[in-house]
Amino acid sequence: MTIHVLGFPTTLGLPRHAVRHAPEALRATGLLDFLGQLDSRVIDHGDMALPPGLRSDPVPVRIAKVVEAARRQQQHWQRVARPGDLLLTIGGDHSTSLGTIMALAALGYDFDVVWVDAHGDFNTVETSPSGNPHGMVLALATGLLPDAMDGVIRPDRLRLWGIRDLDPGERRLLSEARVEVVSPAEVRARRAELLAGLRPNVFVSFDIDSVDPAEAPGTMTPVPGGFTGDEAVSLVADIVRGRNLLALDVVEFHPDRDEGDATGRLAHAVIRAALEAWRGQSPIRSGSPCASRSDADSRPSACASPTRRLYSP
């Protein structure tokens, strides 16, 4: 079994220069050194080459670019993934996770998406106040924007935990689709029940803004009243424990907004908790702890080696 690491430094969902450096910043926390200790083969595929997001693009063009990038990510995962492998993507704005959902669906998995976030990301062009596609990811995945792409997952497979900031139209769409939407307070009160309701296969998409900005300032969309850092780490470990973790994404980390590397350390701790829980229930794996693989769209690096960005600022 192999842990595949992919940097997805996208700003297509939220045009902003600094977020594209997040994969580099997360690797700098010692992430690859940690992964190399897990008795698993680790392949760092480097950072996928992606164009920058442009605010000057009309919203439909921005959405089309997000979908195209997601298709490239899907194709990459389909080329490299084998049964039992773990796909770890470090983004990037939350459009990072669209390609992961598309890939897992194309690979034939029946899975729940546990979307740990302050926001629902269920907007359409008509309901979005900002027009930013990172707030439309789950609407895209479920087919609510048919001009952009067909749906690849049913709404009843979505588990939105930590939600506390919804746009009015988005709230209506979520209610109509009967998506599970749970606030941090509800997660605390109903944690065992929520965990028990998950399917055996899960994809965990962790948005930094799910954590209260007092502990995770390094994000562009902070919302007070989130999880504490310890709660987030514990929750992710509990989601993984006893289930088959297919993929993990960590997104919306803006290193330039961080304070004392608090958010980078938190992101590292979330990944560590998820993978330690994954390792604790997986069969013993053999083989080299580090490897590399060439790919047309992303350049691999050996475990713990520096990764180059594949585009110019």
# chains A, B, ... in the order shown; residues from 1 in each chain; ligands from 1

$ residues_around --residues "stretch 6-15 of chain A" --least-positions-apart "2" --cutoff "7 Å" --atoms "only C-alpha atoms" --output "JSON, numbers by chain"
{"A": [4, 17, 19, 20, 21, 22, 23, 44, 45, 46, 47, 48, 50, 52, 53, 54, 55, 62, 65, 66, 88, 89, 90, 91, 92, 93, 94, 95, 96, 132, 133, 134]}

$ write_last_selection --atoms "N, CA and C atoms" --output "tab-separated table (two decimals), in the first residue's frame"
chain	number	residue	atom	x	y	z
A	4	HIS	N	0.24	8.41	-1.60
A	4	HIS	CA	0.55	9.31	-2.70
A	4	HIS	C	0.34	10.75	-2.23
A	17	HIS	N	-2.73	35.22	-4.79
A	17	HIS	CA	-1.39	34.73	-5.07
A	17	HIS	C	-0.86	33.79	-3.99
A	19	VAL	N	-1.96	31.69	-1.69
A	19	VAL	CA	-2.43	30.36	-1.36
A	19	VAL	C	-1.72	29.29	-2.18
A	20	ARG	N	-1.16	29.67	-3.33
A	20	ARG	CA	-0.50	28.65	-4.15
A	20	ARG	C	0.81	28.19	-3.54
A	21	HIS	N	1.31	28.86	-2.53
A	21	HIS	CA	2.52	28.42	-1.85
A	21	HIS	C	2.24	27.49	-0.67
A	22	ALA	N	0.98	27.18	-0.43
A	22	ALA	CA	0.63	26.34	0.71
A	22	ALA	C	1.26	24.95	0.66
A	23	PRO	N	1.28	24.23	-0.47
A	23	PRO	CA	1.93	22.92	-0.46
A	23	PRO	C	3.39	22.99	-0.05
A	44	ASP	N	5.96	11.14	-3.47
A	44	ASP	CA	5.64	12.56	-3.56
A	44	ASP	C	5.63	12.92	-5.04
A	45	HIS	N	4.47	13.25	-5.57
A	45	HIS	CA	4.33	13.56	-6.99
A	45	HIS	C	4.62	15.02	-7.30
A	46	GLY	N	5.10	15.76	-6.31
A	46	GLY	CA	5.37	17.16	-6.55
A	46	GLY	C	4.09	17.98	-6.62
A	47	ASP	N	4.19	19.15	-7.22
A	47	ASP	CA	3.05	20.05	-7.36
A	47	ASP	C	2.54	20.01	-8.80
A	48	MET	N	1.24	19.84	-8.97
A	48	MET	CA	0.66	19.88	-10.31
A	48	MET	C	0.77	21.29	-10.87
A	50	LEU	N	-0.43	24.38	-12.54
A	50	LEU	CA	-1.77	24.96	-12.71
A	50	LEU	C	-1.66	26.44	-13.03
A	52	PRO	N	-2.70	30.42	-12.75
A	52	PRO	CA	-3.23	31.21	-11.64
A	52	PRO	C	-4.68	31.60	-11.88
A	53	GLY	N	-5.42	31.79	-10.79
A	53	GLY	CA	-6.78	32.30	-10.91
A	53	GLY	C	-6.77	33.78	-11.25
A	54	LEU	N	-7.74	34.19	-12.06
A	54	LEU	CA	-7.81	35.59	-12.49
A	54	LEU	C	-9.18	36.17	-12.15
A	55	ARG	N	-9.20	37.23	-11.39
A	55	ARG	CA	-10.46	37.88	-11.07
A	55	ARG	C	-11.10	38.51	-12.30
A	62	ARG	N	-14.23	31.07	-14.93
A	62	ARG	CA	-13.51	30.62	-13.73
A	62	ARG	C	-13.96	29.21	-13.33
A	65	LYS	N	-12.44	26.65	-15.69
A	65	LYS	CA	-11.04	26.38	-15.39
A	65	LYS	C	-10.88	25.48	-14.17
A	66	VAL	N	-11.75	25.68	-13.17
A	66	VAL	CA	-11.73	24.80	-11.99
A	66	VAL	C	-12.01	23.36	-12.40
A	88	LEU	N	-3.25	11.71	-0.72
A	88	LEU	CA	-3.11	12.88	0.14
A	88	LEU	C	-2.82	14.09	-0.74
A	89	THR	N	-3.76	15.04	-0.75
A	89	THR	CA	-3.60	16.25	-1.54
A	89	THR	C	-3.48	17.45	-0.61
A	90	ILE	N	-2.47	18.27	-0.85
A	90	ILE	CA	-2.29	19.49	-0.07
A	90	ILE	C	-2.46	20.68	-1.01
A	91	GLY	N	-3.51	21.51	-0.69
A	91	GLY	CA	-3.87	22.64	-1.56
A	91	GLY	C	-3.42	23.93	-0.92
A	92	GLY	N	-3.73	25.00	-1.59
A	92	GLY	CA	-4.73	25.22	-2.61
A	92	GLY	C	-6.06	25.60	-1.96
A	93	ASP	N	-6.87	26.37	-2.72
A	93	ASP	CA	-8.21	26.65	-2.24
A	93	ASP	C	-9.06	25.38	-2.32
A	94	HIS	N	-10.33	25.47	-1.87
A	94	HIS	CA	-11.10	24.23	-1.68
A	94	HIS	C	-11.55	23.61	-2.99
A	95	SER	N	-11.33	24.27	-4.12
A	95	SER	CA	-11.57	23.58	-5.39
A	95	SER	C	-10.60	22.42	-5.57
A	96	THR	N	-9.55	22.38	-4.76
A	96	THR	CA	-8.64	21.24	-4.69
A	96	THR	C	-9.40	19.93	-4.60
A	132	ASN	N	-17.00	33.23	-6.38
A	132	ASN	CA	-15.78	32.43	-6.26
A	132	ASN	C	-16.10	30.94	-6.33
A	133	PRO	N	-15.51	30.20	-7.27
A	133	PRO	CA	-15.85	28.78	-7.43
A	133	PRO	C	-15.48	27.90	-6.24
A	134	HIS	N	-14.59	28.36	-5.35
A	134	HIS	CA	-14.27	27.49	-4.21
A	134	HIS	C	-15.48	27.32	-3.29

$ residues_around --residues "stretch 159-176 of chain A" --least-positions-apart "3" --cutoff "7 Å" --atoms "only C-alpha atoms" --output "list in words"
Val113, Val114, Trp115, Val116, Asp117, Ala118, His119, Gly120, Phe122, Asn123, Thr127, Val179, Glu180, Val181, Val182, Ser183, Pro184, Val187, Ser210 and Gly226 of chain A

$ write_last_selection --atoms "all heavy atoms" --output "compact mmCIF listing (two decimals), in the first residue's frame"
# COMPACT_ATOMS: atom_id res chain seq x y z
N VAL A 113 -18.21 11.70 1.81
CA VAL A 113 -17.31 12.85 1.87
C VAL A 113 -17.56 13.55 3.19
O VAL A 113 -18.66 14.06 3.44
CB VAL A 113 -17.58 13.83 0.71
CG1 VAL A 113 -16.71 15.07 0.86
CG2 VAL A 113 -17.34 13.16 -0.64
N VAL A 114 -16.56 13.58 4.06
CA VAL A 114 -16.67 14.32 5.32
C VAL A 114 -15.97 15.65 5.11
O VAL A 114 -14.75 15.74 5.05
CB VAL A 114 -16.05 13.53 6.49
CG1 VAL A 114 -16.37 14.25 7.81
CG2 VAL A 114 -16.58 12.11 6.54
N TRP A 115 -16.79 16.67 4.98
CA TRP A 115 -16.34 18.02 4.60
C TRP A 115 -16.24 18.85 5.88
O TRP A 115 -17.21 19.40 6.37
CB TRP A 115 -17.38 18.61 3.65
CG TRP A 115 -16.96 19.75 2.78
CD1 TRP A 115 -17.22 21.07 2.99
CD2 TRP A 115 -16.30 19.67 1.52
NE1 TRP A 115 -16.74 21.82 1.94
CE2 TRP A 115 -16.17 20.98 1.02
CE3 TRP A 115 -15.78 18.60 0.76
CZ2 TRP A 115 -15.55 21.25 -0.20
CZ3 TRP A 115 -15.17 18.88 -0.44
CH2 TRP A 115 -15.06 20.19 -0.91
N VAL A 116 -15.05 18.92 6.46
CA VAL A 116 -14.84 19.63 7.72
C VAL A 116 -14.50 21.08 7.37
O VAL A 116 -13.41 21.37 6.87
CB VAL A 116 -13.73 18.97 8.55
CG1 VAL A 116 -13.61 19.63 9.92
CG2 VAL A 116 -13.99 17.47 8.70
N ASP A 117 -15.43 21.99 7.63
CA ASP A 117 -15.35 23.31 7.02
C ASP A 117 -16.26 24.27 7.79
O ASP A 117 -17.21 23.85 8.45
CB ASP A 117 -15.83 23.20 5.56
CG ASP A 117 -15.43 24.36 4.67
OD1 ASP A 117 -15.20 25.48 5.19
OD2 ASP A 117 -15.35 24.15 3.45
N ALA A 118 -15.99 25.57 7.66
CA ALA A 118 -16.91 26.58 8.19
C ALA A 118 -18.04 26.86 7.20
O ALA A 118 -19.08 27.40 7.59
CB ALA A 118 -16.16 27.88 8.47
N HIS A 119 -17.85 26.49 5.94
CA HIS A 119 -18.77 26.86 4.86
C HIS A 119 -19.33 25.61 4.19
O HIS A 119 -18.74 24.54 4.23
CB HIS A 119 -18.05 27.72 3.82
CG HIS A 119 -17.37 28.92 4.41
ND1 HIS A 119 -16.06 28.88 4.86
CD2 HIS A 119 -17.81 30.18 4.64
CE1 HIS A 119 -15.72 30.06 5.34
NE2 HIS A 119 -16.78 30.88 5.22
N GLY A 120 -20.47 25.79 3.52
CA GLY A 120 -21.11 24.66 2.86
C GLY A 120 -20.60 24.37 1.47
O GLY A 120 -20.71 23.25 0.98
N PHE A 122 -21.78 25.00 -1.34
CA PHE A 122 -22.89 24.42 -2.10
C PHE A 122 -23.62 25.50 -2.90
O PHE A 122 -24.79 25.38 -3.23
CB PHE A 122 -23.87 23.74 -1.13
CG PHE A 122 -24.60 22.56 -1.71
CD1 PHE A 122 -23.95 21.38 -1.98
CD2 PHE A 122 -25.96 22.62 -1.95
CE1 PHE A 122 -24.63 20.27 -2.50
CE2 PHE A 122 -26.66 21.53 -2.46
CZ PHE A 122 -25.99 20.35 -2.74
N ASN A 123 -22.89 26.57 -3.22
CA ASN A 123 -23.48 27.65 -4.00
C ASN A 123 -23.51 27.32 -5.48
O ASN A 123 -22.71 26.53 -5.99
CB ASN A 123 -22.68 28.94 -3.81
CG ASN A 123 -23.17 29.76 -2.63
OD1 ASN A 123 -24.34 30.10 -2.55
ND2 ASN A 123 -22.27 30.08 -1.70
N THR A 127 -26.68 31.79 -6.58
CA THR A 127 -26.76 31.99 -5.13
C THR A 127 -25.49 32.55 -4.53
O THR A 127 -25.49 33.01 -3.39
CB THR A 127 -27.09 30.67 -4.41
OG1 THR A 127 -26.00 29.74 -4.57
CG2 THR A 127 -28.38 30.06 -4.94
N VAL A 179 -28.88 17.49 2.60
CA VAL A 179 -27.48 17.26 2.96
C VAL A 179 -27.32 17.38 4.47
O VAL A 179 -27.93 18.25 5.10
CB VAL A 179 -26.57 18.26 2.24
CG1 VAL A 179 -25.12 18.11 2.70
CG2 VAL A 179 -26.67 18.08 0.73
N GLU A 180 -26.50 16.53 5.05
CA GLU A 180 -26.21 16.60 6.48
C GLU A 180 -25.31 17.81 6.74
O GLU A 180 -24.17 17.85 6.28
CB GLU A 180 -25.52 15.32 6.94
CG GLU A 180 -25.17 15.32 8.42
CD GLU A 180 -24.55 14.01 8.85
OE1 GLU A 180 -25.30 13.08 9.16
OE2 GLU A 180 -23.30 13.92 8.84
N VAL A 181 -25.81 18.79 7.47
CA VAL A 181 -25.09 20.01 7.78
C VAL A 181 -25.09 20.18 9.29
O VAL A 181 -26.15 20.32 9.91
CB VAL A 181 -25.74 21.24 7.10
CG1 VAL A 181 -24.96 22.50 7.43
CG2 VAL A 181 -25.83 21.04 5.59
N VAL A 182 -23.91 20.21 9.89
CA VAL A 182 -23.79 20.15 11.35
C VAL A 182 -22.81 21.23 11.82
O VAL A 182 -21.71 21.35 11.30
CB VAL A 182 -23.31 18.75 11.79
CG1 VAL A 182 -23.36 18.64 13.32
CG2 VAL A 182 -24.13 17.65 11.16
N SER A 183 -23.22 22.00 12.80
CA SER A 183 -22.37 23.04 13.36
C SER A 183 -21.34 22.44 14.32
O SER A 183 -21.47 21.28 14.75
CB SER A 183 -23.23 24.05 14.12
OG SER A 183 -23.74 23.45 15.32
N PRO A 184 -20.31 23.22 14.70
CA PRO A 184 -19.36 22.70 15.69
C PRO A 184 -20.03 22.28 16.99
O PRO A 184 -19.68 21.23 17.56
CB PRO A 184 -18.41 23.89 15.91
CG PRO A 184 -18.44 24.63 14.62
CD PRO A 184 -19.87 24.52 14.15
N VAL A 187 -21.65 18.97 16.47
CA VAL A 187 -20.65 17.90 16.41
C VAL A 187 -20.23 17.50 17.82
O VAL A 187 -20.11 16.31 18.13
CB VAL A 187 -19.42 18.33 15.58
CG1 VAL A 187 -18.31 17.30 15.69
CG2 VAL A 187 -19.80 18.53 14.12
N SER A 210 -12.26 25.57 9.32
CA SER A 210 -13.12 24.85 10.27
C SER A 210 -12.70 25.12 11.71
O SER A 210 -13.50 24.97 12.63
CB SER A 210 -13.09 23.35 9.99
OG SER A 210 -11.80 22.81 10.21
N GLY A 226 -15.38 28.32 15.62
CA GLY A 226 -15.01 27.02 15.07
C GLY A 226 -14.47 26.06 16.11
O GLY A 226 -14.48 26.32 17.31

$ residues_around --residues "A:Ile208" --least-positions-apart "2" --cutoff "7 Å" --atoms "only C-alpha atoms" --output "list in words"
Phe206, Ser210, Val211, Ala216, Thr219, Val251, Glu252 and Phe253 of chain A

$ write_last_selection --atoms "C-alpha atoms" --output "compact mmCIF listing (two decimals), in the first residue's frame"
# COMPACT_ATOMS: atom_id res chain seq x y z
CA PHE A 206 -10.25 19.40 5.86
CA SER A 210 -13.12 24.85 10.27
CA VAL A 211 -10.91 25.81 13.21
CA ALA A 216 -5.78 29.05 12.88
CA THR A 219 -6.79 31.41 6.12
CA VAL A 251 -6.98 23.10 1.93
CA GLU A 252 -7.37 26.88 2.29
CA PHE A 253 -4.06 27.41 4.08

$ select_by_dssp --residues "stretch 161-309 of chain A" --states "alpha helix (DSSP H)" --output "VMD selection string"
chain A and resid 168 to 177 184 to 196 229 to 240 262 to 281

$ closest_residue --among "A:Asp85, A:Glu231, A:Asp156, A:Asp249" --to "A:Gly99" --atoms "only C-alpha atoms"
A:Asp249

$ atom_distance --atom1 "atom CA of A:Ala105" --atom2 "atom CA of A:Met149"
13.9 Å

$ residues_around --residues "stretch 238-243 of chain A" --least-positions-apart "3" --cutoff "6 Å" --atoms "only C-alpha atoms" --output "ChimeraX atom specification"
/A:200,235,277

$ select_by_dssp --residues "stretch 25-274 of chain A" --states "strand (DSSP E or B)" --output "PyMOL selection string"
chain A and resi 41-48+86-91+112-116+119+158-161+165+180-182+201-207+211+227+244-251

$ closest_residue --among "A:Leu245, A:Leu266, A:Leu98, A:Ala103" --to "A:Leu140" --atoms "only C-alpha atoms"
A:Leu98

$ residues_around --residues "A:Leu248" --least-positions-apart "5" --cutoff "6 Å" --atoms "only C-alpha atoms" --output "PyMOL selection string"
chain A and resi 88+203-205

$ write_last_selection --atoms "C-alpha atoms" --output "PDB file, in the first residue's frame"
ATOM      1  CA  LEU A  88      -3.107  12.882   0.136  1.00  0.00           C
ATOM      2  CA  PHE A 203     -12.804  10.897   1.965  1.00  0.00           C
ATOM      3  CA  VAL A 204     -11.907  13.589   4.510  1.00  0.00           C
ATOM      4  CA  SER A 205     -11.636  17.128   3.158  1.00  0.00           C
TER       5      SER A 205
END

$ closest_residue --among "A:Thr2, A:Ser130, A:Ser56, A:Gln78" --to "A:Arg41" --atoms "only C-alpha atoms"
A:Thr2

$ atom_distance --atom1 "atom CA of A:Met1" --atom2 "atom CA of A:Gly264"
27.0 Å

$ closest_residue --among "A:Glu126, A:Asp147, A:Glu68, A:Asp112" --to "A:Gly197" --atoms "only C-alpha atoms"
A:Asp112

$ closest_residue --among "A:Ile3, A:Met102, A:Arg72, A:Thr263" --to "A:Leu38" --atoms "only C-alpha atoms"
A:Ile3

$ atom_distance --atom1 "atom CA of A:Leu195" --atom2 "atom CA of A:Ala70"
28.5 Å
